[in-house]
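Structure first, then comments.
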Amino acid sequence: MVDFVKLKRQYDLFAPEYEEAALRALRSGWYIMGGELEAFEAQFANYTGAGCCVGLNSGLDALTLAVRALGIGPGDEVIVPANTYIASVLGVTENGATPVFVEPDRFFCMDADRIGAAVTSRTKAILPVHLYGQPCDMEAICATAKKYGLYILEDCAQSHGARLNGRLTGTFGTIGCFSFYPTKPLGALGDSGAVITNDPALADRVRKLRNYGSGIKYVNELEGVNSRLDEVQAAVLQVGLRHLDEGNEYRRRIAERYLKGIRSDLVTLPVTRPGAEHVYHVFAVLSEHRDALQKHLADKGVKTLIHYPIPPHLQECYARLGYVRGSFPTSEAYAQNELSLPIYVGMPDDDVEAVIEAVNSFEV
């Protein structure tokens with residue numbers, strides 16, 4: 001059996017470091033807002049080159065509090081990709097703002113050429129998602145944002161360490177939002193997230209929002225929430241950060257083997273944007289026979305996933321927005337045809353070969 005992901009294999013590679021970090025946090029006797037969090041925030045800011053990092057409870061909280069910290073709310077619009085995971089959109093609607101969807105390009109990212117047509121007098125920000133670990137066309141997106149005076153909130157939940165022309169995702173816009181869900185390129189051992197920014201005032205606002213709106217105990221300047229990255233996860237993330245580039249390279253090697261080895265005419269392989277360093281959080285292929293392909297691979301003992309079978313504009317929770325099937329045909333086609341192959345740190349070479357052989361043996 002070829003697992004889609006097996007997190008324990010990555011844990012086993014660095015088990016002594018993970019265990020030392022967790023025990024260090026446990027033995028400290030300080031479990032919330034302590035030295036481990038401060039250390040991780042400093043290390044992640046240094047890694048990305050950002051001026052500030054604020055650790056949070058999850059990637060969704062990173063998006064939600066970033067939108068809130070920028071003062072975006074009811075009556076405002078935020079441009080989002082139509083083919084993203086729903087968390088990208090929830091960060092907007094949780095603040096009462098309206099998502100405006102834009103179709104993806106052939107790299108699965110928001111099509112920068114379509115953004116201008118989506119801008120209205122109510123638009124306040126663009127929220128590009130570096131989907132599957134592939135950077136968006138940030139130079140074009142930044143140009144559009146500058147033209148219309150818009151914020152850029154980068155959703156980097158799947159792109160830790162990805163670069164475009166040498167520059168890390170999360171550093172192009174006003175604020176970068178990260179998830180450290182366990183399966184992510186930089187994963188914790190539970191839910192956690194962070195934002196990065198070069199704006200100290202914006203970072204300070206997020207810090208207050210994560211802690212009940214308080215910068216000084218019992219003094220609540222804002223209507224905040226409880227979204228604090230705990231000490232154990234912060235300690236574990238320091239280990240993951242040390243090995244992030246190593247892990248990204250591990251997945252790239254698997255991706256290269258897939259790209260060279262898969263020869264099926266029934267499968268369209270992913271392509272990388274010129275100048276981009278893809279980190280392959282997901283290895284997404286397309287097939288007009290997706291469901292039959294998934295069954296064939298399952299019969300061969302290969303587990304796969306679909307990212308994402310229902311695009312946000314067709315989700316029941318957003319029926320109020322009035323979209324129907326056919327509103328965003330490219331996104332809907334991706335939802336109908338996408339299949340994700342196994343790719344993770346610690347994946348055995350034999351499993352990679354088994355996936356290649358299984359895909360190449362698919363027939364209709």
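Note on naming: chains are A, B, ... as they come in the structure tokens, residues start from 1 per chain, ligands start from 1 in the order shown.
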Using only C-alpha atoms, which residues sit within 9 Å of Ala335 in chain A once same-chain residues fewer than 6 positions away are excluded, as a PDB file with C-alpha atoms, in the first residue's frame?
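Writing done, so here's around_3.pdb:
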ATOM      1  CA  ASN A  83     -10.324  27.474  -7.143  1.00  0.00           C
ATOM      2  CA  ILE A 306      -8.795  15.403  -4.644  1.00  0.00           C
ATOM      3  CA  HIS A 307      -7.990  19.102  -4.113  1.00  0.00           C
ATOM      4  CA  TYR A 308     -10.752  20.366  -4.143  1.00  0.00           C
ATOM      5  CA  PRO A 309     -13.928  18.631  -5.368  1.00  0.00           C
ATOM      6  CA  ILE A 310     -16.275  21.597  -4.790  1.00  0.00           C
ATOM      7  CA  PRO A 311     -15.001  25.137  -5.483  1.00  0.00           C
TER       8      PRO A 311
END
All residues 9 Å or closer to range 91-104 of chain A, only C-alpha atoms, same chain fewer than 4 positions away omitted, as a PyMOL selection string = chain A and resi 60-68+72-83+86-87+108-112+114-115+118-119+123+313+321+328-331
Output the selection as a tab-separated table (two decimals), in the first residue's frame - C-alpha atoms for each residue.
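result.tsv was written with the following content:
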chain	number	residue	atom	x	y	z
A	60	LEU	CA	-7.49	30.40	9.05
A	61	ASP	CA	-6.94	32.69	12.03
A	62	ALA	CA	-3.95	34.18	10.19
A	63	LEU	CA	-6.19	35.08	7.26
A	64	THR	CA	-9.08	36.27	9.42
A	65	LEU	CA	-6.97	38.47	11.68
A	66	ALA	CA	-4.95	39.84	8.75
A	67	VAL	CA	-8.16	41.00	7.07
A	68	ARG	CA	-9.41	42.44	10.36
A	72	ILE	CA	-11.55	45.39	5.97
A	73	GLY	CA	-15.16	44.61	6.79
A	74	PRO	CA	-18.82	44.98	5.73
A	75	GLY	CA	-19.23	46.80	2.44
A	76	ASP	CA	-15.68	45.98	1.33
A	77	GLU	CA	-14.59	43.49	-1.34
A	78	VAL	CA	-11.54	41.25	-1.48
A	79	ILE	CA	-10.45	39.55	-4.72
A	80	VAL	CA	-9.82	35.82	-4.21
A	81	PRO	CA	-9.10	32.85	-6.49
A	82	ALA	CA	-12.14	30.82	-7.48
A	83	ASN	CA	-10.32	27.47	-7.14
A	86	ILE	CA	-12.47	27.50	1.35
A	87	ALA	CA	-10.32	28.82	4.24
A	108	PHE	CA	-3.48	26.63	-10.65
A	109	CYS	CA	-2.97	30.17	-9.26
A	110	MET	CA	-5.11	33.28	-9.57
A	111	ASP	CA	-4.87	34.61	-13.14
A	112	ALA	CA	-3.16	37.99	-12.70
A	114	ARG	CA	-8.08	38.88	-14.85
A	115	ILE	CA	-7.72	40.82	-11.61
A	118	ALA	CA	-12.69	42.40	-10.96
A	119	VAL	CA	-11.74	45.66	-9.22
A	123	THR	CA	-12.29	46.60	-3.55
A	313	HIS	CA	-18.51	29.57	-5.04
A	321	LEU	CA	-23.61	34.96	-3.11
A	328	PHE	CA	-16.29	29.98	-13.15
A	329	PRO	CA	-15.77	27.19	-15.70
A	330	THR	CA	-11.99	26.87	-15.37
A	331	SER	CA	-12.19	26.44	-11.60
Would you list, as number ranges by chain, the residues of range 150-305 of chain A that end up in strand (DSSP E) under DSSP run on this structure's backbone?
-> A: 151-155, 163-164, 167-168, 175-179, 193-197, 214-216, 219-220, 276-277, 283-286
Hey, can you spit out that residue selection with N, CA and C atoms as a PDB file, in the first residue's frame?
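File result.pdb, as written:
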ATOM      1  N   TYR A 151      -4.449  46.630  -0.865  1.00  0.00           N
ATOM      2  CA  TYR A 151      -3.605  45.768  -0.046  1.00  0.00           C
ATOM      3  C   TYR A 151      -3.424  44.427  -0.762  1.00  0.00           C
ATOM      4  N   ILE A 152      -2.325  43.737  -0.437  1.00  0.00           N
ATOM      5  CA  ILE A 152      -2.127  42.355  -0.871  1.00  0.00           C
ATOM      6  C   ILE A 152      -1.968  41.492   0.372  1.00  0.00           C
ATOM      7  N   LEU A 153      -2.849  40.510   0.517  1.00  0.00           N
ATOM      8  CA  LEU A 153      -2.752  39.511   1.580  1.00  0.00           C
ATOM      9  C   LEU A 153      -2.386  38.195   0.919  1.00  0.00           C
ATOM     10  N   GLU A 154      -1.181  37.724   1.136  1.00  0.00           N
ATOM     11  CA  GLU A 154      -0.743  36.473   0.515  1.00  0.00           C
ATOM     12  C   GLU A 154      -1.132  35.280   1.386  1.00  0.00           C
ATOM     13  N   ASP A 155      -1.828  34.327   0.791  1.00  0.00           N
ATOM     14  CA  ASP A 155      -2.133  33.062   1.456  1.00  0.00           C
ATOM     15  C   ASP A 155      -1.008  32.086   1.118  1.00  0.00           C
ATOM     16  N   ARG A 163       9.718  30.265  -3.817  1.00  0.00           N
ATOM     17  CA  ARG A 163      10.273  31.545  -4.273  1.00  0.00           C
ATOM     18  C   ARG A 163       9.835  31.851  -5.700  1.00  0.00           C
ATOM     19  N   LEU A 164       9.771  33.140  -5.979  1.00  0.00           N
ATOM     20  CA  LEU A 164       9.575  33.624  -7.342  1.00  0.00           C
ATOM     21  C   LEU A 164      10.702  34.600  -7.628  1.00  0.00           C
ATOM     22  N   ARG A 167      12.686  35.434  -4.579  1.00  0.00           N
ATOM     23  CA  ARG A 167      12.021  36.095  -3.449  1.00  0.00           C
ATOM     24  C   ARG A 167      10.957  35.172  -2.859  1.00  0.00           C
ATOM     25  N   LEU A 168      10.945  35.026  -1.543  1.00  0.00           N
ATOM     26  CA  LEU A 168      10.038  34.103  -0.874  1.00  0.00           C
ATOM     27  C   LEU A 168       8.592  34.577  -0.924  1.00  0.00           C
ATOM     28  N   ILE A 175       0.929  41.697   3.836  1.00  0.00           N
ATOM     29  CA  ILE A 175       1.014  40.726   4.927  1.00  0.00           C
ATOM     30  C   ILE A 175       0.945  39.316   4.331  1.00  0.00           C
ATOM     31  N   GLY A 176       1.722  38.401   4.883  1.00  0.00           N
ATOM     32  CA  GLY A 176       1.720  37.012   4.439  1.00  0.00           C
ATOM     33  C   GLY A 176       1.144  36.117   5.515  1.00  0.00           C
ATOM     34  N   CYS A 177       0.256  35.204   5.135  1.00  0.00           N
ATOM     35  CA  CYS A 177      -0.467  34.363   6.091  1.00  0.00           C
ATOM     36  C   CYS A 177      -0.077  32.896   5.894  1.00  0.00           C
ATOM     37  N   PHE A 178       0.290  32.240   6.990  1.00  0.00           N
ATOM     38  CA  PHE A 178       0.785  30.867   6.933  1.00  0.00           C
ATOM     39  C   PHE A 178      -0.025  29.947   7.840  1.00  0.00           C
ATOM     40  N   SER A 179      -0.220  28.733   7.365  1.00  0.00           N
ATOM     41  CA  SER A 179      -0.719  27.625   8.178  1.00  0.00           C
ATOM     42  C   SER A 179       0.439  26.688   8.469  1.00  0.00           C
ATOM     43  N   GLY A 193      -0.445  28.647  13.154  1.00  0.00           N
ATOM     44  CA  GLY A 193      -0.239  29.500  11.998  1.00  0.00           C
ATOM     45  C   GLY A 193       0.524  30.746  12.383  1.00  0.00           C
ATOM     46  N   ALA A 194       0.694  31.660  11.426  1.00  0.00           N
ATOM     47  CA  ALA A 194       1.421  32.900  11.685  1.00  0.00           C
ATOM     48  C   ALA A 194       1.180  33.877  10.548  1.00  0.00           C
ATOM     49  N   VAL A 195       1.462  35.141  10.807  1.00  0.00           N
ATOM     50  CA  VAL A 195       1.532  36.148   9.759  1.00  0.00           C
ATOM     51  C   VAL A 195       2.915  36.773   9.802  1.00  0.00           C
ATOM     52  N   ILE A 196       3.362  37.256   8.638  1.00  0.00           N
ATOM     53  CA  ILE A 196       4.593  38.043   8.563  1.00  0.00           C
ATOM     54  C   ILE A 196       4.283  39.355   7.868  1.00  0.00           C
ATOM     55  N   THR A 197       5.001  40.403   8.231  1.00  0.00           N
ATOM     56  CA  THR A 197       4.804  41.710   7.621  1.00  0.00           C
ATOM     57  C   THR A 197       6.012  42.587   7.913  1.00  0.00           C
ATOM     58  N   SER A 214      -5.737  42.709  23.503  1.00  0.00           N
ATOM     59  CA  SER A 214      -4.990  43.297  24.607  1.00  0.00           C
ATOM     60  C   SER A 214      -3.494  43.305  24.346  1.00  0.00           C
ATOM     61  N   GLY A 215      -2.868  44.458  24.571  1.00  0.00           N
ATOM     62  CA  GLY A 215      -1.419  44.549  24.558  1.00  0.00           C
ATOM     63  C   GLY A 215      -0.856  44.554  25.963  1.00  0.00           C
ATOM     64  N   ILE A 216      -1.654  45.029  26.897  1.00  0.00           N
ATOM     65  CA  ILE A 216      -1.327  45.034  28.326  1.00  0.00           C
ATOM     66  C   ILE A 216      -2.417  44.257  29.035  1.00  0.00           C
ATOM     67  N   VAL A 219      -6.121  45.235  29.791  1.00  0.00           N
ATOM     68  CA  VAL A 219      -6.414  46.463  29.054  1.00  0.00           C
ATOM     69  C   VAL A 219      -6.721  46.047  27.616  1.00  0.00           C
ATOM     70  N   ASN A 220      -7.992  46.128  27.237  1.00  0.00           N
ATOM     71  CA  ASN A 220      -8.439  45.611  25.939  1.00  0.00           C
ATOM     72  C   ASN A 220      -8.759  46.772  25.005  1.00  0.00           C
ATOM     73  N   ALA A 276       9.877  30.438 -10.978  1.00  0.00           N
ATOM     74  CA  ALA A 276       9.335  29.962  -9.702  1.00  0.00           C
ATOM     75  C   ALA A 276      10.105  28.758  -9.180  1.00  0.00           C
ATOM     76  N   GLU A 277      10.202  28.666  -7.858  1.00  0.00           N
ATOM     77  CA  GLU A 277      10.705  27.477  -7.164  1.00  0.00           C
ATOM     78  C   GLU A 277       9.525  26.853  -6.432  1.00  0.00           C
ATOM     79  N   PHE A 283       1.180  17.449  -5.418  1.00  0.00           N
ATOM     80  CA  PHE A 283       1.497  17.160  -6.812  1.00  0.00           C
ATOM     81  C   PHE A 283       0.176  16.893  -7.515  1.00  0.00           C
ATOM     82  N   ALA A 284      -0.332  17.931  -8.179  1.00  0.00           N
ATOM     83  CA  ALA A 284      -1.671  17.882  -8.761  1.00  0.00           C
ATOM     84  C   ALA A 284      -1.607  17.567 -10.249  1.00  0.00           C
ATOM     85  N   VAL A 285      -2.293  16.518 -10.657  1.00  0.00           N
ATOM     86  CA  VAL A 285      -2.435  16.196 -12.075  1.00  0.00           C
ATOM     87  C   VAL A 285      -3.891  16.389 -12.473  1.00  0.00           C
ATOM     88  N   LEU A 286      -4.119  16.482 -13.771  1.00  0.00           N
ATOM     89  CA  LEU A 286      -5.468  16.608 -14.301  1.00  0.00           C
ATOM     90  C   LEU A 286      -5.762  15.439 -15.224  1.00  0.00           C
TER      91      LEU A 286
END
Identify all residues of range 160-360 of chain A in alpha helix (DSSP H) (DSSP on the backbone) and supply them as an MDAnalysis selection string.
-> chainID A and resid 200:210 231:242 244:261 290:299 329:337 349:360
All residues 8 Å or closer to Asp230 in chain A, only C-alpha atoms, same chain fewer than 3 positions away omitted, as a ChimeraX atom specification = /A:31-33,37,57,233-234
Taking C-alpha atoms for each residue, export the selection above as a short mmCIF file (atom, residue, chain, number, x, y, z; two decimals), in the first residue's frame.
data_model
loop_
_atom_site.label_atom_id
_atom_site.label_comp_id
_atom_site.auth_asym_id
_atom_site.auth_seq_id
_atom_site.Cartn_x
_atom_site.Cartn_y
_atom_site.Cartn_z
CA TYR A 31 3.04 27.05 28.10
CA ILE A 32 1.47 30.17 26.55
CA MET A 33 3.15 33.33 25.16
CA LEU A 37 7.01 31.52 20.80
CA ASN A 57 -3.57 29.37 16.43
CA GLN A 233 4.02 23.87 18.94
CA ALA A 234 6.40 26.84 18.74
#
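Compared by their closest atoms to Arg290 in chain A, and using only C-alpha atoms, the residues A:Leu222, A:Cys53, A:Val267, A:Ile343 rank with A:Val267 nearest.
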Contacts of Gly224 in chain A at 6 Å or less, counting only C-alpha atoms, minus same-chain residues fewer than 4 places along, as number ranges by chain?
-> A: 209, 212-213
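Distances here use only C-alpha atoms; by that measure, the residue among A:Ala333, A:Val345, A:Leu7, A:Ala235 closest to His289 in chain A is A:Ala333.
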For Ile254 in chain A, work out the shell of residues within 9 Å, counting only C-alpha atoms and skipping chain neighbours fewer than 4 positions away, then give it as a PDB file with C-alpha atoms, in the first residue's frame.
ATOM      1  CA  GLU A 249      14.165  19.599  -1.848  1.00  0.00           C
ATOM      2  CA  TYR A 250      13.027  16.076  -0.922  1.00  0.00           C
ATOM      3  CA  TYR A 258       6.994  11.931 -11.516  1.00  0.00           C
ATOM      4  CA  LEU A 259       7.522  14.500 -14.268  1.00  0.00           C
ATOM      5  CA  ILE A 343       4.357  13.264  -2.194  1.00  0.00           C
ATOM      6  CA  TYR A 344       5.853  13.806   1.246  1.00  0.00           C
ATOM      7  CA  MET A 347       8.305   8.757   1.041  1.00  0.00           C
ATOM      8  CA  ASP A 349      11.741   5.361  -3.453  1.00  0.00           C
ATOM      9  CA  VAL A 352       7.427   6.624  -5.925  1.00  0.00           C
TER      10      VAL A 352
END
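Taking CA of Ser340 in chain A as the reference point, CA of Ser58 in chain A is found at 23.4 Å.
Checking A:Gly35, A:Gly51, A:Pro16, A:Gly322 one by one against Asp204 in chain A, counting only C-alpha atoms, you find the shortest gap at A:Gly51.
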Gap from CA of Asp191 in chain A to CA of Tyr218 in chain A - Å, one decimal | 26.5 Å
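Closest approach to Ala21 in chain A among A:Gly173, A:Gly240, A:Gly161, A:Gly49 is made by A:Gly240 (distances from only C-alpha atoms).
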